[in-house]
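A.B. asks: Here you go, coords_1.cif (mmCIF, C-alpha atoms (C1' of nucleotides) and all ligand atoms):
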```
data_my_file
#
loop_
_atom_site.label_atom_id
_atom_site.label_comp_id
_atom_site.auth_asym_id
_atom_site.auth_seq_id
_atom_site.Cartn_x
_atom_site.Cartn_y
_atom_site.Cartn_z
CA MET B 970 -8.97 -14.04 7.19
CA LYS B 971 -10.19 -10.76 8.48
CA LEU B 972 -8.88 -7.86 10.48
CA GLY B 973 -11.08 -7.11 13.48
CA GLU B 974 -13.17 -3.99 13.15
CA GLY B 975 -11.70 -2.81 16.41
CA VAL B 976 -8.73 -1.73 14.31
CA GLU B 977 -10.94 0.57 12.28
CA TRP B 978 -12.39 2.04 15.46
CA ALA B 979 -9.01 2.56 17.00
CA ALA B 980 -7.60 4.19 13.88
CA HIS B 981 -10.45 6.65 13.68
CA CYS B 982 -10.21 7.48 17.35
CA ALA B 983 -6.47 7.97 17.09
CA ILE B 984 -6.93 10.40 14.22
CA ILE B 985 -9.45 12.42 16.15
CA VAL B 986 -7.26 12.49 19.22
CA ALA B 987 -4.37 13.56 17.00
CA GLY B 988 -6.45 16.57 15.99
CA LEU B 989 -6.79 17.90 19.52
CA ALA B 990 -4.98 21.08 20.43
CA GLY B 991 -1.96 20.91 22.70
CA ARG B 992 -2.41 18.52 25.58
CA SER B 993 -6.19 18.63 25.53
CA THR B 994 -8.09 15.39 26.04
CA ILE B 995 -11.34 13.86 24.91
CA PRO B 996 -13.39 11.34 26.90
CA GLY B 997 -13.91 7.82 25.63
CA LYS B 998 -17.65 8.26 25.89
CA ALA B 999 -17.55 11.10 23.36
CA LEU B 1000 -15.48 9.02 20.94
CA ALA B 1001 -17.98 6.19 21.16
CA GLU B 1002 -20.93 8.47 20.48
CA TYR B 1003 -19.15 10.16 17.62
CA HIS B 1004 -18.62 6.85 15.85
CA GLY B 1005 -21.89 5.31 16.89
CA VAL B 1006 -20.27 2.25 18.40
CA SER B 1007 -20.47 0.40 21.68
CA GLU B 1008 -18.94 2.54 24.41
CA THR B 1009 -17.83 -0.20 26.78
CA TYR B 1010 -16.22 -2.18 24.00
CA LEU B 1011 -14.47 0.82 22.50
CA LEU B 1012 -12.98 1.54 25.91
CA LYS B 1013 -11.27 -1.81 25.78
CA HIS B 1014 -9.63 -0.92 22.52
CA LEU B 1015 -8.63 2.49 23.82
CA LYS B 1016 -7.08 0.77 26.77
CA ALA B 1017 -5.06 -1.35 24.37
CA LEU B 1018 -3.80 1.82 22.72
CA VAL B 1019 -2.80 3.16 26.13
CA THR B 1020 -0.97 -0.03 27.01
CA ALA B 1021 0.84 0.13 23.68
CA GLY B 1022 2.06 3.61 24.48
CA ILE B 1023 0.06 5.28 21.72
CA LEU B 1024 -2.44 7.13 23.89
CA GLU B 1025 -2.34 8.58 27.37
CA SER B 1026 -5.36 8.52 29.63
CA VAL B 1027 -6.19 11.01 32.34
CA PRO B 1028 -8.88 9.94 34.79
CA GLY B 1029 -11.36 12.03 36.71
CA PRO B 1030 -13.76 14.78 35.66
CA ARG B 1031 -12.40 16.70 32.66
CA GLY B 1032 -10.26 13.68 31.91
CA GLY B 1033 -10.01 11.63 28.73
CA TYR B 1034 -7.45 10.55 26.17
CA ARG B 1035 -4.64 12.28 24.33
CA LEU B 1036 -1.65 11.19 22.28
CA ALA B 1037 1.27 9.75 24.19
CA ARG B 1038 3.75 10.84 21.52
CA ASP B 1039 3.89 12.91 18.39
CA ALA B 1040 1.46 12.03 15.62
CA ALA B 1041 4.34 11.69 13.18
CA GLU B 1042 5.81 8.99 15.41
CA ILE B 1043 2.72 6.80 15.43
CA THR B 1044 2.29 4.47 12.50
CA LEU B 1045 -0.67 2.50 11.28
CA LEU B 1046 1.32 -0.60 12.14
CA ASP B 1047 1.50 0.52 15.77
CA ILE B 1048 -2.27 0.71 15.90
CA VAL B 1049 -2.86 -2.59 14.13
CA GLU B 1050 -0.45 -4.36 16.43
CA ALA B 1051 -1.87 -2.71 19.52
CA ILE B 1052 -5.37 -3.95 18.74
CA ASP B 1053 -4.75 -7.14 16.84
CA GLY B 1054 -1.57 -8.31 18.49
CA LYS B 1055 1.82 -9.06 17.04
CA GLN B 1056 1.28 -12.72 16.34
CA PRO B 1057 2.11 -13.83 12.83
CA VAL B 1058 -0.87 -14.21 10.56
CA PHE B 1059 0.30 -17.60 9.37
CA ARG B 1060 0.83 -20.03 12.20
CA CYS B 1061 2.44 -23.27 11.20
CA THR B 1062 0.89 -26.26 12.94
CA GLU B 1063 3.78 -28.47 11.90
CA ILE B 1064 1.71 -30.91 9.96
CA ARG B 1065 4.93 -32.16 8.42
CA GLN B 1066 5.56 -33.80 11.78
CA ARG B 1067 2.36 -35.80 11.59
CA GLY B 1068 1.36 -38.80 9.57
CA PRO B 1069 3.25 -41.92 8.54
CA THR B 1070 6.47 -40.27 7.35
CA ALA B 1071 7.23 -38.33 10.52
CA VAL B 1072 10.44 -38.87 12.46
CA GLU B 1073 11.59 -37.42 15.76
CA ALA B 1074 10.76 -33.77 16.28
CA CYS B 1075 14.39 -32.79 16.67
CA ALA B 1076 14.98 -33.64 13.03
CA TYR B 1077 12.92 -30.66 11.94
CA ARG B 1078 15.07 -27.62 12.41
CA GLY B 1079 13.81 -24.20 11.58
CA PRO B 1080 10.81 -23.18 9.55
CA CYS B 1081 10.28 -24.71 6.14
CA GLY B 1082 9.98 -22.86 2.87
CA ILE B 1083 6.24 -22.42 3.14
CA ASN B 1084 6.51 -20.85 6.54
CA ARG B 1085 9.38 -18.64 5.47
CA ALA B 1086 7.50 -17.44 2.43
CA MET B 1087 4.45 -16.62 4.50
CA LEU B 1088 6.42 -14.75 7.10
CA SER B 1089 8.34 -12.72 4.56
CA ALA B 1090 5.09 -11.72 2.89
CA GLU B 1091 3.81 -10.64 6.25
CA ALA B 1092 6.91 -8.58 6.80
CA ALA B 1093 6.18 -6.76 3.56
CA TRP B 1094 2.68 -6.05 4.81
CA ARG B 1095 3.92 -4.67 8.10
CA LEU B 1096 6.51 -2.56 6.35
CA ALA B 1097 3.82 -1.02 4.18
CA LEU B 1098 1.67 -0.29 7.21
CA ALA B 1099 4.56 1.36 9.01
CA GLU B 1100 4.94 3.86 6.18
CA HIS B 1101 1.72 5.60 7.15
CA THR B 1102 1.80 7.80 10.22
CA LEU B 1103 -1.09 9.23 12.13
CA ALA B 1104 -0.09 12.64 10.82
CA SER B 1105 -0.24 11.62 7.17
CA LEU B 1106 -3.47 9.72 7.65
CA ALA B 1107 -5.15 12.65 9.37
CA ALA B 1108 -4.22 14.86 6.44
CA GLY B 1109 -5.69 12.37 3.98
CA VAL B 1110 -8.94 12.07 5.85
CA ALA B 1111 -9.31 15.83 6.11
CA ILE B 1112 -8.78 16.34 2.39
CA SER B 1113 -11.33 13.78 1.29
CA ALA B 1114 -13.99 14.85 3.77
CA ASP B 1115 -17.15 16.72 2.88
CA PRO B 1116 -17.18 20.38 4.04
CA ARG B 1117 -20.31 19.80 6.04
CA VAL B 1118 -18.70 16.92 7.88
CA ILE B 1119 -15.73 19.09 8.70
CA SER B 1120 -17.87 21.87 10.12
CA ARG B 1121 -20.02 19.47 12.10
CA THR B 1122 -16.95 17.78 13.45
CA GLY B 1123 -15.60 21.17 14.45
CA GLU B 1124 -18.72 21.96 16.44
CA TRP B 1125 -18.71 18.55 17.99
CA LEU B 1126 -15.07 18.93 18.98
CA ALA B 1127 -15.80 22.29 20.57
CA ARG B 1128 -18.40 20.65 22.77
CA ASN B 1129 -16.35 17.63 23.77
CA GLU B 1130 -12.73 18.63 23.83
CA ARG B 1131 -11.27 19.10 27.28
CA LYS B 1132 -8.84 21.92 26.87
CA SER B 1133 -5.62 21.67 28.77
CA ALA B 1134 -4.91 24.32 31.39
CA SER B 1135 -1.23 24.53 30.57
CA MET K 451 -6.17 -12.01 12.73
CA LYS K 452 -5.25 -15.44 11.58
CA LEU K 453 -4.90 -17.37 8.37
CA GLY K 454 -6.94 -20.57 8.46
CA GLU K 455 -4.91 -23.71 8.77
CA GLY K 456 -6.63 -25.00 5.67
CA VAL K 457 -4.10 -22.90 3.80
CA GLU K 458 -1.25 -24.85 5.35
CA TRP K 459 -2.94 -28.12 4.42
CA ALA K 460 -3.57 -27.03 0.87
CA ALA K 461 -0.03 -25.80 0.40
CA HIS K 462 1.46 -29.06 1.57
CA CYS K 463 -0.87 -31.09 -0.58
CA ALA K 464 -0.10 -28.96 -3.59
CA ILE K 465 3.61 -29.49 -3.10
CA ILE K 466 3.17 -33.23 -2.90
CA VAL K 467 0.97 -33.28 -5.97
CA ALA K 468 3.56 -31.18 -7.72
CA GLY K 469 6.07 -33.93 -7.04
CA LEU K 470 4.11 -36.58 -8.92
CA ALA K 471 5.51 -37.88 -12.17
CA GLY K 472 3.84 -36.92 -15.43
CA ARG K 473 0.10 -36.96 -15.23
CA SER K 474 -0.08 -39.34 -12.32
CA THR K 475 -2.63 -38.71 -9.58
CA ILE K 476 -2.92 -39.26 -5.88
CA PRO K 477 -6.19 -39.82 -3.98
CA GLY K 478 -7.41 -37.33 -1.41
CA LYS K 479 -7.60 -40.08 1.17
CA ALA K 480 -3.85 -40.69 0.88
CA LEU K 481 -3.10 -36.99 1.27
CA ALA K 482 -5.21 -36.84 4.41
CA GLU K 483 -3.47 -39.83 5.93
CA TYR K 484 -0.06 -38.50 5.04
CA HIS K 485 -0.68 -35.27 6.89
CA GLY K 486 -2.68 -36.80 9.69
CA VAL K 487 -5.65 -34.52 9.17
CA SER K 488 -9.37 -34.97 8.75
CA GLU K 489 -10.07 -36.57 5.40
CA THR K 490 -13.53 -35.19 4.78
CA TYR K 491 -12.47 -31.70 5.66
CA LEU K 492 -9.32 -31.82 3.56
CA LEU K 493 -11.44 -32.87 0.59
CA LYS K 494 -13.30 -29.60 0.86
CA HIS K 495 -10.07 -27.67 0.58
CA LEU K 496 -8.90 -29.81 -2.31
CA LYS K 497 -12.17 -29.09 -4.03
CA ALA K 498 -11.47 -25.40 -3.58
CA LEU K 499 -8.14 -25.87 -5.31
CA VAL K 500 -9.90 -27.64 -8.16
CA THR K 501 -12.43 -24.83 -8.50
CA ALA K 502 -9.60 -22.33 -8.55
CA GLY K 503 -7.98 -24.16 -11.43
CA ILE K 504 -4.93 -25.23 -9.45
CA LEU K 505 -5.67 -28.94 -9.28
CA GLU K 506 -7.48 -31.38 -11.54
CA SER K 507 -9.52 -34.23 -10.15
CA VAL K 508 -10.14 -37.57 -11.80
CA PRO K 509 -12.88 -39.74 -10.30
CA GLY K 510 -13.18 -43.47 -10.20
CA PRO K 511 -10.77 -46.22 -9.16
CA ARG K 512 -7.17 -45.17 -9.79
CA GLY K 513 -8.41 -41.58 -9.67
CA GLY K 514 -7.21 -38.71 -7.54
CA TYR K 515 -5.68 -35.28 -7.93
CA ARG K 516 -2.96 -33.81 -10.12
CA LEU K 517 -1.83 -30.31 -11.06
CA ALA K 518 -3.99 -28.44 -13.51
CA ARG K 519 -1.05 -26.39 -14.78
CA ASP K 520 2.70 -26.21 -14.47
CA ALA K 521 4.15 -25.95 -10.97
CA ALA K 522 6.04 -22.84 -12.00
CA GLU K 523 2.74 -21.18 -12.88
CA ILE K 524 1.12 -21.73 -9.49
CA THR K 525 1.95 -19.19 -6.82
CA LEU K 526 1.46 -19.22 -3.11
CA LEU K 527 -0.98 -16.39 -3.61
CA ASP K 528 -3.12 -18.61 -5.82
CA ILE K 529 -3.37 -21.15 -3.03
CA VAL K 530 -4.08 -18.62 -0.31
CA GLU K 531 -6.80 -17.01 -2.37
CA ALA K 532 -8.30 -20.34 -3.36
CA ILE K 533 -8.70 -21.38 0.27
CA ASP K 534 -9.13 -18.10 2.07
CA GLY K 535 -10.94 -16.12 -0.59
CA LYS K 536 -10.03 -12.88 -2.26
CA GLN K 537 -11.81 -10.58 0.12
CA PRO K 538 -9.70 -7.77 1.48
CA VAL K 539 -8.35 -8.35 4.96
CA PHE K 540 -9.44 -4.92 6.09
CA ARG K 541 -13.13 -4.33 5.53
CA CYS K 542 -14.25 -0.81 6.15
CA THR K 543 -17.58 -0.65 7.95
CA GLU K 544 -17.96 3.02 7.15
CA ILE K 545 -18.11 4.18 10.71
CA ARG K 546 -17.48 7.67 9.42
CA GLN K 547 -21.06 7.57 8.20
CA ARG K 548 -22.39 6.94 11.68
CA GLY K 549 -22.80 9.15 14.67
CA PRO K 550 -23.78 12.79 15.06
CA THR K 551 -21.62 14.28 12.32
CA ALA K 552 -22.80 12.07 9.47
CA VAL K 553 -24.43 13.51 6.37
CA GLU K 554 -26.01 11.79 3.37
CA ALA K 555 -24.20 8.73 2.15
CA CYS K 556 -23.60 10.18 -1.30
CA ALA K 557 -21.24 12.73 0.21
CA TYR K 558 -18.71 10.04 0.94
CA ARG K 559 -17.03 9.21 -2.31
CA GLY K 560 -14.30 6.65 -2.49
CA PRO K 561 -12.32 5.09 0.29
CA CYS K 562 -10.66 7.29 2.88
CA GLY K 563 -6.97 7.39 3.69
CA ILE K 564 -7.19 4.66 6.30
CA ASN K 565 -8.83 2.30 3.90
CA ARG K 566 -6.41 3.14 1.13
CA ALA K 567 -3.42 2.60 3.38
CA MET K 568 -4.76 -0.77 4.51
CA LEU K 569 -5.48 -1.91 0.99
CA SER K 570 -2.09 -0.87 -0.32
CA ALA K 571 -0.39 -2.77 2.50
CA GLU K 572 -2.44 -5.78 1.54
CA ALA K 573 -1.35 -5.41 -2.05
CA ALA K 574 2.25 -5.55 -0.88
CA TRP K 575 1.47 -8.75 0.97
CA ARG K 576 -0.17 -10.35 -2.05
CA LEU K 577 2.71 -9.29 -4.26
CA ALA K 578 5.17 -10.97 -1.93
CA LEU K 579 3.10 -14.15 -1.89
CA ALA K 580 2.92 -14.21 -5.67
CA GLU K 581 6.70 -14.29 -5.86
CA HIS K 582 6.79 -17.86 -4.60
CA THR K 583 5.76 -20.60 -6.98
CA LEU K 584 4.94 -24.17 -6.20
CA ALA K 585 8.15 -25.14 -7.97
CA SER K 586 10.37 -22.93 -5.80
CA LEU K 587 8.59 -23.96 -2.63
CA ALA K 588 8.96 -27.65 -3.39
CA ALA K 589 12.68 -27.15 -3.87
CA GLY K 590 12.96 -25.38 -0.53
CA VAL K 591 11.06 -28.05 1.33
CA ALA K 592 13.18 -30.81 -0.20
CA ILE K 593 16.44 -29.12 0.77
CA SER K 594 15.53 -28.62 4.41
CA ALA K 595 14.05 -32.06 4.89
CA ASP K 596 15.68 -34.83 6.88
CA PRO K 597 17.05 -37.70 4.73
CA ARG K 598 14.88 -40.20 6.55
CA VAL K 599 11.77 -38.18 5.81
CA ILE K 600 12.70 -38.07 2.16
CA SER K 601 13.15 -41.80 1.93
CA ARG K 602 9.97 -42.52 3.86
CA THR K 603 8.08 -40.13 1.65
CA GLY K 604 9.48 -41.88 -1.39
CA GLU K 605 8.20 -45.24 -0.18
CA TRP K 606 4.87 -43.76 0.69
CA LEU K 607 4.57 -42.15 -2.72
CA ALA K 608 5.37 -45.47 -4.41
CA ARG K 609 2.47 -47.05 -2.58
CA ASN K 610 -0.04 -44.28 -3.21
CA GLU K 611 0.78 -42.67 -6.51
CA ARG K 612 -1.50 -43.63 -9.37
CA LYS K 613 0.76 -43.71 -12.36
CA SER K 614 -0.64 -42.37 -15.58
CA ALA K 615 -0.97 -44.78 -18.47
CA SER K 616 0.12 -42.29 -21.09
"C1'" DA H 157 -14.69 15.99 52.71
"C1'" DT H 158 -18.02 14.69 49.35
"C1'" DA H 159 -19.79 13.82 45.11
"C1'" DA H 160 -19.27 13.46 40.33
"C1'" DT H 161 -16.58 11.90 36.49
"C1'" DC H 162 -13.85 8.81 34.19
"C1'" DA H 163 -10.53 4.89 33.26
"C1'" DT H 164 -9.53 0.06 34.55
"C1'" DG H 165 -10.19 -4.87 34.87
"C1'" DG H 166 -12.53 -9.15 35.31
"C1'" DA H 167 -16.41 -11.96 34.53
"C1'" DT H 168 -19.83 -13.14 31.49
"C1'" DG H 169 -22.91 -13.79 27.51
"C1'" DA H 170 -23.95 -13.35 22.40
"C1'" DT H 171 -22.54 -13.64 17.77
"C1'" DT H 172 -19.92 -15.06 14.12
"C1'" DT H 173 -16.40 -17.82 11.92
"C1'" DA H 174 -13.70 -21.77 11.41
"C1'" DT H 175 -13.33 -26.58 11.85
"C1'" DA H 176 -15.09 -31.18 11.31
"C1'" DT H 177 -18.45 -34.90 10.31
"C1'" DC H 178 -22.08 -37.30 7.93
"C1'" DC H 179 -24.63 -38.97 4.16
"C1'" DA H 180 -26.54 -39.04 -0.44
"C1'" DT H 181 -25.22 -38.56 -5.30
"C1'" DG H 182 -22.76 -39.11 -9.61
"C1'" DA H 183 -18.78 -40.27 -12.38
"C1'" DT H 184 -15.21 -43.61 -13.72
"C1'" DT H 185 -12.65 -47.80 -13.96
"C1'" DC H 186 -12.12 -52.77 -13.19
"C1'" DG A 208 -22.40 -54.74 -11.95
"C1'" DA A 209 -19.30 -53.72 -8.22
"C1'" DA A 210 -15.76 -51.05 -6.32
"C1'" DT A 211 -13.54 -46.59 -5.96
"C1'" DC A 212 -13.40 -41.91 -5.71
"C1'" DA A 213 -14.87 -36.89 -6.04
"C1'" DT A 214 -18.82 -33.76 -5.20
"C1'" DG A 215 -22.25 -31.25 -2.60
"C1'" DG A 216 -25.33 -30.18 1.00
"C1'" DA A 217 -26.80 -30.46 5.62
"C1'" DT A 218 -25.32 -30.41 10.12
"C1'" DA A 219 -22.73 -30.53 14.35
"C1'" DT A 220 -18.76 -28.91 17.27
"C1'" DA A 221 -15.06 -25.79 18.61
"C1'" DA A 222 -12.98 -21.43 18.78
"C1'" DA A 223 -12.42 -16.62 18.10
"C1'" DT A 224 -14.53 -12.34 18.14
"C1'" DC A 225 -17.73 -8.93 19.59
"C1'" DA A 226 -20.30 -6.84 23.23
"C1'" DT A 227 -22.20 -6.02 27.85
"C1'" DC A 228 -22.22 -5.74 32.78
"C1'" DC A 229 -20.51 -4.59 37.19
"C1'" DA A 230 -17.16 -3.59 40.74
"C1'" DT A 231 -13.05 -0.85 41.68
"C1'" DG A 232 -9.85 2.91 41.97
"C1'" DA A 233 -8.09 7.34 40.61
"C1'" DT A 234 -8.81 12.28 39.92
"C1'" DT A 235 -11.03 16.71 39.98
"C1'" DA A 236 -14.84 20.06 41.01
"C1'" DT A 237 -17.72 21.77 44.56
S1 LIG B 1201 6.44 -27.55 6.02
FE1 LIG B 1201 6.34 -25.40 6.76
S2 LIG B 1201 4.15 -24.87 6.98
FE2 LIG B 1201 4.34 -27.13 6.78
S3 LIG B 1201 4.37 -27.88 8.89
FE3 LIG B 1201 6.50 -27.58 8.25
S4 LIG B 1201 7.09 -25.49 8.89
FE4 LIG B 1201 4.83 -25.65 8.95
S1 LIG B 1202 -12.62 6.72 7.26
FE1 LIG B 1202 -11.84 4.96 6.02
S2 LIG B 1202 -11.84 3.18 7.41
FE2 LIG B 1202 -13.10 4.79 8.34
S3 LIG B 1202 -15.21 4.34 7.76
FE3 LIG B 1202 -14.35 5.77 6.22
S4 LIG B 1202 -13.48 4.53 4.54
FE4 LIG B 1202 -13.81 3.17 6.35
#
```
For the file at hand, write its structure as structure tokens.
C.D. replies:
Amino acid sequence: MKLGEGVEWAAHCAIIVAGLAGRSTIPGKALAEYHGVSETYLLKHLKALVTAGILESVPGPRGGYRLARDAAEITLLDIVEAIDGKQPVFRCTEIRQRGPTAVEACAYRGPCGINRAMLSAEAAWRLALAEHTLASLAAGVAISADPRVISRTGEWLARNERKSAS
Amino acid sequence: MKLGEGVEWAAHCAIIVAGLAGRSTIPGKALAEYHGVSETYLLKHLKALVTAGILESVPGPRGGYRLARDAAEITLLDIVEAIDGKQPVFRCTEIRQRGPTAVEACAYRGPCGINRAMLSAEAAWRLALAEHTLASLAAGVAISADPRVISRTGEWLARNERKSAS
DNA sequence: ATAATCATGGATGATTTATATCCATGATTC
DNA sequence: GAATCATGGATATAAATCATCCATGATTAT
């Protein structure tokens, strides 16, 4: 079992976008270069964030992405679900309904204990993810970063940020 | 993200094995037929359970599998980790060390906030899984099962269980 | 208006992982 | 010695993921 690396990309992008001033935007191309990842593929993930209501996109020259709502209102769970989907991690294939002891399907009502245990564990996972907001994550990343990285990132932001007129 | 269905197979097999009397065993072939799944592939998963110290295997005629320790000492987490591995679900690819703002690798000490948040959420998941033992799961499955299934399973067990001499 | 910039969406191919099979080997019991 | 069963490796198939390409439409600067 493995979480797609698109989630890591999206989380990093979201944190950078959260660091923009006001309603400024940053183009997807810049985000791809910054992280050294495939541009066209990253755009797909950014689109997923837009669809999920996490980011806003503005097209055209001087366009790009910005947060759709406050950074404190966006959780890590939102990002994971936007990229990876909301499907349960454990998907019962109903093997109890196969083999020589099976009876009619209608006799099996509701999920069994295994399924329930799996789903409740998943709920605990999601709950833990939802406790981290984009705001708290951004703070953590900033603290642990090397001073040189911070200054380089500042310069890079100055070159790529599209300041909002308003 | 998806948990392999081998986990579902292994969990069901473990519950059945847990229901055997004393030190009786049951052959892998019977378990495969019971669940209507590929025999050769299921054997691989059963082997994983043996390696993990969850099951014991006895070769030869009248051989098969039995629990390696008490059902109350085997958790759902043990089974998941035996089949799916213990690798973290979120695997940081260190994209912060790529792109134009990167500096020497030694400047990045320890995991960042994103990684820490992911890993702590995973820990919550594992903790929840560890709260369910094979004993409690077996009880839950028995309660929710249809009477006909229980009786058919009893007959099937009578045919396939290899009673222990001792 | 025109051109440049950028997001969107679908189609497509490559890569990796999961699933499944096959066969040879060794251990154990009858 | 023969039958039964687990083990292990090699290998094939299916599916999910990762990545690219190209055509389209929307927006802004000139
Ligand atoms: S017993 Fe649980 S996990 Fe197994 S097939 Fe039924 S619902 Fe699914
Ligand atoms: S910031 Fe966190 S998730 Fe991103 S590359 Fe670094 S350790 Fe990994």
A.B. asks: Could you state the separation of C1' of DA176 in chain H and CA of Ala482 in chain K in Å, given to one decimal place?
C.D. replies: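 According to the coordinates, C1' of DA176 in chain H and CA of Ala482 in chain K are separated by 13.3 Å.
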A.B. asks: Of the candidates B:Ile1064, B:Leu1046, B:Ala1037, B:Ala1017, which one gets nearest to chain K if we count all atoms listed in the file?
C.D. replies: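 Smallest distance to chain K is found for B:Ile1064.
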A.B. asks: What do you get as a list in words if you pick all residues at most 7 Å from ligand LIG 1202 (chain B), counting all atoms listed in the file?
C.D. replies: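 Using all atoms listed in the file, I find these residues within 7 Å of ligand LIG 1202 (chain B): Glu977, His981 and Val1110 of chain B; Cys542, Thr543, Glu544, Ile545, Arg546, Gln547, Pro561, Cys562, Gly563, Ile564 and Asn565 of chain K.
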A.B. asks: Up to 12 Å from chain A, what residues of chain B turn up? Count all atoms listed in the file and give them as a PyMOL selection string.
C.D. replies: chain B and resi 970-975+1006-1014+1026-1033+1053
A.B. asks: Could you work out which residues of chain B fall inside 8 Å of chain K? Count only C-alpha atoms, and format the result as a PyMOL selection string.
C.D. replies: chain B and resi 970-974+977-978+980+1002-1005+1053+1057-1062+1064-1065+1067-1072+1076-1077+1081-1083+1086-1087+1089-1098+1101+1106-1107+1109-1110+1113-1115+1117-1118+1121-1122+1125
A.B. asks: Kindly save the residues from that selection, with C-alpha atoms included, as a PDB file, keeping the file's coordinate frame.
C.D. replies:
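Contents of result-v2.pdb, as written:
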```pdb
ATOM      1  CA  MET B 970      -8.970 -14.040   7.190  1.00  0.00           C
ATOM      2  CA  LYS B 971     -10.190 -10.760   8.480  1.00  0.00           C
ATOM      3  CA  LEU B 972      -8.880  -7.860  10.480  1.00  0.00           C
ATOM      4  CA  GLY B 973     -11.080  -7.110  13.480  1.00  0.00           C
ATOM      5  CA  GLU B 974     -13.170  -3.990  13.150  1.00  0.00           C
ATOM      6  CA  GLU B 977     -10.940   0.570  12.280  1.00  0.00           C
ATOM      7  CA  TRP B 978     -12.390   2.040  15.460  1.00  0.00           C
ATOM      8  CA  ALA B 980      -7.600   4.190  13.880  1.00  0.00           C
ATOM      9  CA  GLU B1002     -20.930   8.470  20.480  1.00  0.00           C
ATOM     10  CA  TYR B1003     -19.150  10.160  17.620  1.00  0.00           C
ATOM     11  CA  HIS B1004     -18.620   6.850  15.850  1.00  0.00           C
ATOM     12  CA  GLY B1005     -21.890   5.310  16.890  1.00  0.00           C
ATOM     13  CA  ASP B1053      -4.750  -7.140  16.840  1.00  0.00           C
ATOM     14  CA  PRO B1057       2.110 -13.830  12.830  1.00  0.00           C
ATOM     15  CA  VAL B1058      -0.870 -14.210  10.560  1.00  0.00           C
ATOM     16  CA  PHE B1059       0.300 -17.600   9.370  1.00  0.00           C
ATOM     17  CA  ARG B1060       0.830 -20.030  12.200  1.00  0.00           C
ATOM     18  CA  CYS B1061       2.440 -23.270  11.200  1.00  0.00           C
ATOM     19  CA  THR B1062       0.890 -26.260  12.940  1.00  0.00           C
ATOM     20  CA  ILE B1064       1.710 -30.910   9.960  1.00  0.00           C
ATOM     21  CA  ARG B1065       4.930 -32.160   8.420  1.00  0.00           C
ATOM     22  CA  ARG B1067       2.360 -35.800  11.590  1.00  0.00           C
ATOM     23  CA  GLY B1068       1.360 -38.800   9.570  1.00  0.00           C
ATOM     24  CA  PRO B1069       3.250 -41.920   8.540  1.00  0.00           C
ATOM     25  CA  THR B1070       6.470 -40.270   7.350  1.00  0.00           C
ATOM     26  CA  ALA B1071       7.230 -38.330  10.520  1.00  0.00           C
ATOM     27  CA  VAL B1072      10.440 -38.870  12.460  1.00  0.00           C
ATOM     28  CA  ALA B1076      14.980 -33.640  13.030  1.00  0.00           C
ATOM     29  CA  TYR B1077      12.920 -30.660  11.940  1.00  0.00           C
ATOM     30  CA  CYS B1081      10.280 -24.710   6.140  1.00  0.00           C
ATOM     31  CA  GLY B1082       9.980 -22.860   2.870  1.00  0.00           C
ATOM     32  CA  ILE B1083       6.240 -22.420   3.140  1.00  0.00           C
ATOM     33  CA  ALA B1086       7.500 -17.440   2.430  1.00  0.00           C
ATOM     34  CA  MET B1087       4.450 -16.620   4.500  1.00  0.00           C
ATOM     35  CA  SER B1089       8.340 -12.720   4.560  1.00  0.00           C
ATOM     36  CA  ALA B1090       5.090 -11.720   2.890  1.00  0.00           C
ATOM     37  CA  GLU B1091       3.810 -10.640   6.250  1.00  0.00           C
ATOM     38  CA  ALA B1092       6.910  -8.580   6.800  1.00  0.00           C
ATOM     39  CA  ALA B1093       6.180  -6.760   3.560  1.00  0.00           C
ATOM     40  CA  TRP B1094       2.680  -6.050   4.810  1.00  0.00           C
ATOM     41  CA  ARG B1095       3.920  -4.670   8.100  1.00  0.00           C
ATOM     42  CA  LEU B1096       6.510  -2.560   6.350  1.00  0.00           C
ATOM     43  CA  ALA B1097       3.820  -1.020   4.180  1.00  0.00           C
ATOM     44  CA  LEU B1098       1.670  -0.290   7.210  1.00  0.00           C
ATOM     45  CA  HIS B1101       1.720   5.600   7.150  1.00  0.00           C
ATOM     46  CA  LEU B1106      -3.470   9.720   7.650  1.00  0.00           C
ATOM     47  CA  ALA B1107      -5.150  12.650   9.370  1.00  0.00           C
ATOM     48  CA  GLY B1109      -5.690  12.370   3.980  1.00  0.00           C
ATOM     49  CA  VAL B1110      -8.940  12.070   5.850  1.00  0.00           C
ATOM     50  CA  SER B1113     -11.330  13.780   1.290  1.00  0.00           C
ATOM     51  CA  ALA B1114     -13.990  14.850   3.770  1.00  0.00           C
ATOM     52  CA  ASP B1115     -17.150  16.720   2.880  1.00  0.00           C
ATOM     53  CA  ARG B1117     -20.310  19.800   6.040  1.00  0.00           C
ATOM     54  CA  VAL B1118     -18.700  16.920   7.880  1.00  0.00           C
ATOM     55  CA  ARG B1121     -20.020  19.470  12.100  1.00  0.00           C
ATOM     56  CA  THR B1122     -16.950  17.780  13.450  1.00  0.00           C
ATOM     57  CA  TRP B1125     -18.710  18.550  17.990  1.00  0.00           C
TER      58      TRP B1125
END
```
A.B. asks: Would you tabulate, counting only C-alpha atoms (C1' of nucleotides), all residues of chain H that have an atom at most 7 Å from an atom of chain B, showing the closest pair of atoms and their distance in Å to one decimal, sorted by chain then ascending number, as a Markdown table?
C.D. replies:
```
| residue | atom | partner | partner_atom | distance |
| --- | --- | --- | --- | --- |
| H:DT161 | C1' | B:Pro1030 | CA | 4.1 |
| H:DC162 | C1' | B:Gly1029 | CA | 4.8 |
| H:DA163 | C1' | B:Pro1028 | CA | 5.5 |
```
A.B. asks: In Å to one decimal, how far is C1' of DT164 in chain H from CA of Leu1024 in chain B?
C.D. replies: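 Between CA of Leu1024 in chain B and C1' of DT164 in chain H the gap is 14.6 Å.
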